[in-house]
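protein_10.pdb (PDB, C-alpha atoms) appears below.
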ATOM      1  CA  MET W   1    -145.278 -25.066 -26.250  1.00  0.00           C
ATOM      2  CA  ILE W   2    -142.685 -27.487 -24.940  1.00  0.00           C
ATOM      3  CA  ARG W   3    -143.839 -31.108 -24.791  1.00  0.00           C
ATOM      4  CA  PHE W   4    -140.799 -32.486 -23.006  1.00  0.00           C
ATOM      5  CA  ILE W   5    -137.117 -31.910 -22.296  1.00  0.00           C
ATOM      6  CA  LEU W   6    -134.587 -34.746 -22.378  1.00  0.00           C
ATOM      7  CA  VAL W   7    -130.886 -34.860 -21.601  1.00  0.00           C
ATOM      8  CA  GLN W   8    -129.377 -38.072 -22.938  1.00  0.00           C
ATOM      9  CA  ASN W   9    -125.866 -39.399 -23.323  1.00  0.00           C
ATOM     10  CA  ARG W  10    -124.472 -40.852 -26.561  1.00  0.00           C
ATOM     11  CA  GLN W  11    -125.614 -44.349 -25.608  1.00  0.00           C
ATOM     12  CA  GLY W  12    -129.216 -43.194 -25.125  1.00  0.00           C
ATOM     13  CA  LYS W  13    -129.334 -43.238 -21.341  1.00  0.00           C
ATOM     14  CA  THR W  14    -131.593 -40.455 -20.125  1.00  0.00           C
ATOM     15  CA  ARG W  15    -129.882 -38.308 -17.510  1.00  0.00           C
ATOM     16  CA  LEU W  16    -132.649 -35.743 -17.079  1.00  0.00           C
ATOM     17  CA  SER W  17    -136.249 -35.575 -18.222  1.00  0.00           C
ATOM     18  CA  LYS W  18    -139.058 -33.116 -17.702  1.00  0.00           C
ATOM     19  CA  TRP W  19    -142.523 -33.755 -19.139  1.00  0.00           C
ATOM     20  CA  TYR W  20    -144.931 -30.863 -19.677  1.00  0.00           C
ATOM     21  CA  VAL W  21    -147.631 -32.985 -21.327  1.00  0.00           C
ATOM     22  CA  PRO W  22    -148.919 -36.165 -19.680  1.00  0.00           C
ATOM     23  CA  PHE W  23    -147.609 -39.402 -21.195  1.00  0.00           C
ATOM     24  CA  ASP W  24    -147.939 -42.870 -19.727  1.00  0.00           C
ATOM     25  CA  ASP W  25    -144.737 -44.675 -18.737  1.00  0.00           C
ATOM     26  CA  GLU W  26    -144.652 -46.895 -21.832  1.00  0.00           C
ATOM     27  CA  GLU W  27    -144.999 -43.888 -24.124  1.00  0.00           C
ATOM     28  CA  LYS W  28    -142.182 -42.070 -22.267  1.00  0.00           C
ATOM     29  CA  VAL W  29    -139.863 -45.034 -22.818  1.00  0.00           C
ATOM     30  CA  ARG W  30    -140.840 -45.137 -26.499  1.00  0.00           C
ATOM     31  CA  LEU W  31    -140.297 -41.382 -26.888  1.00  0.00           C
ATOM     32  CA  ARG W  32    -136.868 -41.526 -25.252  1.00  0.00           C
ATOM     33  CA  GLY W  33    -135.786 -44.286 -27.635  1.00  0.00           C
ATOM     34  CA  GLU W  34    -137.194 -42.610 -30.735  1.00  0.00           C
ATOM     35  CA  VAL W  35    -135.616 -39.257 -29.916  1.00  0.00           C
ATOM     36  CA  HIS W  36    -132.226 -40.844 -29.324  1.00  0.00           C
ATOM     37  CA  ARG W  37    -132.364 -42.869 -32.547  1.00  0.00           C
ATOM     38  CA  LEU W  38    -133.335 -39.709 -34.407  1.00  0.00           C
ATOM     39  CA  ILE W  39    -130.625 -37.331 -33.140  1.00  0.00           C
ATOM     40  CA  ALA W  40    -127.633 -39.498 -32.172  1.00  0.00           C
ATOM     41  CA  PRO W  41    -126.516 -40.437 -35.701  1.00  0.00           C
ATOM     42  CA  ARG W  42    -126.883 -36.907 -37.090  1.00  0.00           C
ATOM     43  CA  ASP W  43    -123.752 -35.172 -38.338  1.00  0.00           C
ATOM     44  CA  GLN W  44    -123.204 -31.977 -36.369  1.00  0.00           C
ATOM     45  CA  LYS W  45    -121.177 -30.331 -39.114  1.00  0.00           C
ATOM     46  CA  TYR W  46    -123.623 -30.734 -41.969  1.00  0.00           C
ATOM     47  CA  GLN W  47    -127.071 -31.111 -40.423  1.00  0.00           C
ATOM     48  CA  SER W  48    -129.152 -28.629 -38.456  1.00  0.00           C
ATOM     49  CA  ASN W  49    -130.168 -28.908 -34.822  1.00  0.00           C
ATOM     50  CA  PHE W  50    -133.850 -29.034 -35.774  1.00  0.00           C
ATOM     51  CA  VAL W  51    -135.614 -32.285 -36.610  1.00  0.00           C
ATOM     52  CA  GLU W  52    -139.250 -32.957 -37.436  1.00  0.00           C
ATOM     53  CA  PHE W  53    -140.675 -35.544 -35.058  1.00  0.00           C
ATOM     54  CA  ARG W  54    -144.242 -36.790 -35.414  1.00  0.00           C
ATOM     55  CA  ASN W  55    -146.299 -33.567 -35.490  1.00  0.00           C
ATOM     56  CA  TYR W  56    -143.656 -31.660 -33.511  1.00  0.00           C
ATOM     57  CA  LYS W  57    -140.044 -30.530 -33.755  1.00  0.00           C
ATOM     58  CA  ILE W  58    -137.040 -31.623 -31.756  1.00  0.00           C
ATOM     59  CA  ILE W  59    -134.532 -28.876 -31.103  1.00  0.00           C
ATOM     60  CA  TYR W  60    -131.282 -30.184 -29.677  1.00  0.00           C
ATOM     61  CA  ARG W  61    -127.679 -29.271 -28.957  1.00  0.00           C
ATOM     62  CA  ARG W  62    -124.830 -31.540 -28.106  1.00  0.00           C
ATOM     63  CA  TYR W  63    -122.465 -30.506 -25.329  1.00  0.00           C
ATOM     64  CA  ALA W  64    -119.601 -32.874 -24.558  1.00  0.00           C
ATOM     65  CA  GLY W  65    -121.237 -36.320 -24.536  1.00  0.00           C
ATOM     66  CA  LEU W  66    -124.770 -35.131 -23.783  1.00  0.00           C
ATOM     67  CA  PHE W  67    -127.694 -34.248 -26.046  1.00  0.00           C
ATOM     68  CA  PHE W  68    -130.011 -31.568 -24.674  1.00  0.00           C
ATOM     69  CA  CYS W  69    -133.340 -32.040 -26.490  1.00  0.00           C
ATOM     70  CA  VAL W  70    -136.552 -30.034 -26.414  1.00  0.00           C
ATOM     71  CA  CYS W  71    -139.706 -31.217 -28.168  1.00  0.00           C
ATOM     72  CA  VAL W  72    -141.905 -28.281 -29.209  1.00  0.00           C
ATOM     73  CA  ASP W  73    -144.906 -27.528 -31.386  1.00  0.00           C
ATOM     74  CA  ALA W  74    -144.221 -27.437 -35.117  1.00  0.00           C
ATOM     75  CA  ASN W  75    -144.890 -23.682 -35.408  1.00  0.00           C
ATOM     76  CA  ASP W  76    -142.640 -22.574 -32.502  1.00  0.00           C
ATOM     77  CA  ASN W  77    -139.474 -20.533 -33.012  1.00  0.00           C
ATOM     78  CA  GLU W  78    -136.512 -22.933 -33.209  1.00  0.00           C
ATOM     79  CA  LEU W  79    -133.844 -20.330 -32.558  1.00  0.00           C
ATOM     80  CA  ALA W  80    -135.496 -19.154 -29.349  1.00  0.00           C
ATOM     81  CA  TYR W  81    -135.431 -22.692 -27.997  1.00  0.00           C
ATOM     82  CA  LEU W  82    -131.870 -23.239 -29.180  1.00  0.00           C
ATOM     83  CA  GLU W  83    -130.825 -20.137 -27.247  1.00  0.00           C
ATOM     84  CA  ALA W  84    -132.815 -21.293 -24.203  1.00  0.00           C
ATOM     85  CA  ILE W  85    -131.006 -24.646 -24.268  1.00  0.00           C
ATOM     86  CA  HIS W  86    -127.700 -22.801 -24.402  1.00  0.00           C
ATOM     87  CA  LEU W  87    -128.739 -20.594 -21.467  1.00  0.00           C
ATOM     88  CA  PHE W  88    -129.762 -23.656 -19.435  1.00  0.00           C
ATOM     89  CA  VAL W  89    -126.458 -25.407 -20.147  1.00  0.00           C
ATOM     90  CA  GLU W  90    -124.457 -22.282 -19.378  1.00  0.00           C
ATOM     91  CA  VAL W  91    -126.179 -21.732 -16.022  1.00  0.00           C
ATOM     92  CA  LEU W  92    -126.002 -25.438 -15.252  1.00  0.00           C
ATOM     93  CA  GLY W  93    -122.298 -25.520 -15.993  1.00  0.00           C
ATOM     94  CA  MET W  94    -121.641 -22.441 -13.908  1.00  0.00           C
ATOM     95  CA  THR W  95    -123.475 -23.785 -10.865  1.00  0.00           C
ATOM     96  CA  LEU W  96    -121.888 -27.247 -11.088  1.00  0.00           C
ATOM     97  CA  LEU W  97    -118.428 -25.731 -11.478  1.00  0.00           C
ATOM     98  CA  LEU W  98    -118.977 -23.446  -8.510  1.00  0.00           C
ATOM     99  CA  GLY W  99    -120.192 -26.233  -6.237  1.00  0.00           C
ATOM    100  CA  THR W 100    -122.885 -26.103  -3.613  1.00  0.00           C
ATOM    101  CA  ASP W 101    -121.077 -23.960  -1.028  1.00  0.00           C
ATOM    102  CA  THR W 102    -120.250 -21.065  -3.333  1.00  0.00           C
ATOM    103  CA  VAL W 103    -122.563 -18.088  -3.564  1.00  0.00           C
ATOM    104  CA  LEU W 104    -123.834 -17.770  -7.128  1.00  0.00           C
ATOM    105  CA  THR W 105    -123.047 -14.510  -8.852  1.00  0.00           C
ATOM    106  CA  SER W 106    -122.909 -13.635 -12.497  1.00  0.00           C
ATOM    107  CA  ASN W 107    -119.312 -12.417 -12.096  1.00  0.00           C
ATOM    108  CA  ALA W 108    -118.056 -15.686 -10.586  1.00  0.00           C
ATOM    109  CA  LEU W 109    -116.971 -17.181 -13.924  1.00  0.00           C
ATOM    110  CA  SER W 110    -116.221 -15.816 -17.320  1.00  0.00           C
ATOM    111  CA  PRO W 111    -118.978 -16.421 -19.904  1.00  0.00           C
ATOM    112  CA  ASP W 112    -116.714 -18.751 -21.882  1.00  0.00           C
ATOM    113  CA  ALA W 113    -116.095 -21.157 -19.010  1.00  0.00           C
ATOM    114  CA  PHE W 114    -119.401 -22.920 -18.902  1.00  0.00           C
ATOM    115  CA  PHE W 115    -119.898 -26.520 -19.973  1.00  0.00           C
ATOM    116  CA  GLU W 116    -116.564 -27.684 -21.318  1.00  0.00           C
ATOM    117  CA  ASN W 117    -115.359 -28.501 -17.799  1.00  0.00           C
ATOM    118  CA  VAL W 118    -118.586 -30.229 -16.730  1.00  0.00           C
ATOM    119  CA  CYS W 119    -119.059 -33.770 -17.934  1.00  0.00           C
ATOM    120  CA  GLU W 120    -121.765 -36.389 -17.712  1.00  0.00           C
ATOM    121  CA  LEU W 121    -120.178 -37.796 -14.562  1.00  0.00           C
ATOM    122  CA  ASP W 122    -120.741 -34.476 -12.799  1.00  0.00           C
ATOM    123  CA  LEU W 123    -124.435 -34.737 -13.576  1.00  0.00           C
ATOM    124  CA  VAL W 124    -124.712 -38.410 -12.654  1.00  0.00           C
ATOM    125  CA  PHE W 125    -122.779 -38.367  -9.403  1.00  0.00           C
ATOM    126  CA  ASN W 126    -123.982 -34.964  -8.263  1.00  0.00           C
ATOM    127  CA  PHE W 127    -127.563 -36.104  -8.777  1.00  0.00           C
ATOM    128  CA  TYR W 128    -127.258 -38.209  -5.650  1.00  0.00           C
ATOM    129  CA  LYS W 129    -126.241 -35.184  -3.657  1.00  0.00           C
ATOM    130  CA  ASP W 130    -127.810 -31.765  -3.520  1.00  0.00           C
ATOM    131  CA  ALA W 131    -127.391 -31.101  -7.241  1.00  0.00           C
ATOM    132  CA  LEU W 132    -130.545 -32.885  -8.417  1.00  0.00           C
ATOM    133  CA  ARG W 133    -132.680 -30.308  -6.681  1.00  0.00           C
ATOM    134  CA  LYS W 134    -130.494 -27.538  -8.095  1.00  0.00           C
ATOM    135  CA  VAL W 135    -130.637 -28.872 -11.666  1.00  0.00           C
ATOM    136  CA  TYR W 136    -134.426 -28.976 -11.597  1.00  0.00           C
ATOM    137  CA  ALA W 137    -134.492 -25.499 -10.013  1.00  0.00           C
ATOM    138  CA  ILE W 138    -132.399 -24.193 -12.915  1.00  0.00           C
ATOM    139  CA  LEU W 139    -134.660 -25.979 -15.376  1.00  0.00           C
ATOM    140  CA  ASP W 140    -137.726 -24.418 -13.760  1.00  0.00           C
ATOM    141  CA  GLU W 141    -136.162 -20.954 -13.840  1.00  0.00           C
ATOM    142  CA  VAL W 142    -135.530 -21.175 -17.581  1.00  0.00           C
ATOM    143  CA  PHE W 143    -138.580 -23.241 -18.627  1.00  0.00           C
ATOM    144  CA  LEU W 144    -141.902 -23.116 -16.797  1.00  0.00           C
ATOM    145  CA  ALA W 145    -145.186 -24.793 -17.701  1.00  0.00           C
ATOM    146  CA  GLY W 146    -143.966 -25.674 -21.172  1.00  0.00           C
ATOM    147  CA  GLU W 147    -142.767 -22.197 -22.133  1.00  0.00           C
ATOM    148  CA  ILE W 148    -139.531 -20.241 -21.960  1.00  0.00           C
ATOM    149  CA  GLU W 149    -139.750 -18.232 -18.768  1.00  0.00           C
ATOM    150  CA  GLU W 150    -136.427 -16.400 -18.546  1.00  0.00           C
ATOM    151  CA  THR W 151    -133.758 -15.509 -21.090  1.00  0.00           C
ATOM    152  CA  SER W 152    -131.327 -13.583 -18.898  1.00  0.00           C
ATOM    153  CA  LYS W 153    -128.455 -15.456 -17.269  1.00  0.00           C
ATOM    154  CA  GLU W 154    -128.076 -12.739 -14.633  1.00  0.00           C
ATOM    155  CA  VAL W 155    -131.743 -12.996 -13.609  1.00  0.00           C
ATOM    156  CA  VAL W 156    -131.586 -16.799 -13.392  1.00  0.00           C
ATOM    157  CA  LEU W 157    -128.415 -16.660 -11.298  1.00  0.00           C
ATOM    158  CA  ALA W 158    -129.944 -14.015  -9.019  1.00  0.00           C
ATOM    159  CA  ARG W 159    -133.023 -16.187  -8.493  1.00  0.00           C
ATOM    160  CA  LEU W 160    -130.857 -19.206  -7.729  1.00  0.00           C
ATOM    161  CA  GLU W 161    -128.928 -17.115  -5.222  1.00  0.00           C
ATOM    162  CA  GLN W 162    -132.228 -16.180  -3.577  1.00  0.00           C
ATOM    163  CA  LEU W 163    -133.194 -19.855  -3.396  1.00  0.00           C
ATOM    164  CA  GLU W 164    -129.837 -20.659  -1.774  1.00  0.00           C
ATOM    165  CA  LYS W 165    -130.446 -17.975   0.861  1.00  0.00           C
ATOM    166  CA  LEU W 166    -133.859 -19.462   1.675  1.00  0.00           C
ATOM    167  CA  GLU W 167    -132.305 -22.800   2.512  1.00  0.00           C
TER
END

Here is a file; write its structure as structure tokens.
Amino acid sequence: MIRFILVQNRQGKTRLSKWYVPFDDEEKVRLRGEVHRLIAPRDQKYQSNFVEFRNYKIIYRRYAGLFFCVCVDANDNELAYLEAIHLFVEVLGMTLLLGTDTVLTSNALSPDAFFENVCELDLVFNFYKDALRKVYAILDEVFLAGEIEETSKEVVLARLEQLEKLE
């Protein structure tokens, strides 16, 4: 089960957080700091994307200047969560690149053009617009109630298109 999801920049500023287990505010601040101090100095070339953390595991991937971190139970499948992070980032990158007025379809962008053109500034400045709602909608389509809900990019994009039609 997922305990929490964090997206942090290299300096440790949290850009996105989702908590699936209740923590008080002080504990959340402590967890954010500990996770950042644990993963930021790691060497991407020679160290894995899995780190033991308390009685759990942190699975993370770094895209551009952002760390996408998922804290899960110690016995969960690391590779499944690593793939889910990649799916989330890919869908997130596709929707941010397309903008809010474009209809979302799986054929709109090639699979290779996902996150390299989306930077932290896109997340930060788009959060004040309509994108915050969209980012959390994407997060909820991929992860729900502390579990991986969907693993198909096409299904997630179709659901997001349905949500756009409802608005």

- Where does the PyMOL selection byres ((chain W and resi 1) around 8) land in this file, that is, which residues does it pick, as a VMD selection string? chain W and resid 2 to 3 72 to 73 76 146 to 147

- Message: Between atom CA of W:Val156 and atom CA of W:Glu141, what is the distance in Å, rounded to a tenth?
- Response: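 For atom CA of W:Val156 relative to atom CA of W:Glu141, the distance reads 6.2 Å.
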
- Would you kindly return, as a list of chain:residue names, each protein, DNA or RNA residue with an atom no farther than 12 Å from any atom of W:Glu150, considering only C-alpha atoms and excluding same-chain residues fewer than 3 positions away?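 Contacts, with the query itself left out: W:Ala80, W:Tyr81, W:Glu83, W:Ala84, W:Ile85, W:Leu87, W:Phe88, W:Val91, W:Ile138, W:Leu139, W:Asp140, W:Glu141, W:Val142, W:Phe143, W:Leu144, W:Glu147, W:Lys153, W:Glu154, W:Val155, W:Val156, W:Leu157, W:Ala158, W:Arg159.
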
- Message: Which residues would end up in the selection if the PyMOL selection byres ((chain W and resi 65) around 7) were applied here, given that I need the answer as a list in words?
- Response: Asn9, Arg10, Arg62, Tyr63, Ala64, Leu66, Phe67 and Glu120 of chain W

- Task: Just give me the gap between atom CA of W:Gly33 and atom CA of W:Lys57 in Å, one decimal is fine.
- Result: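 So the answer is 15.6 Å.
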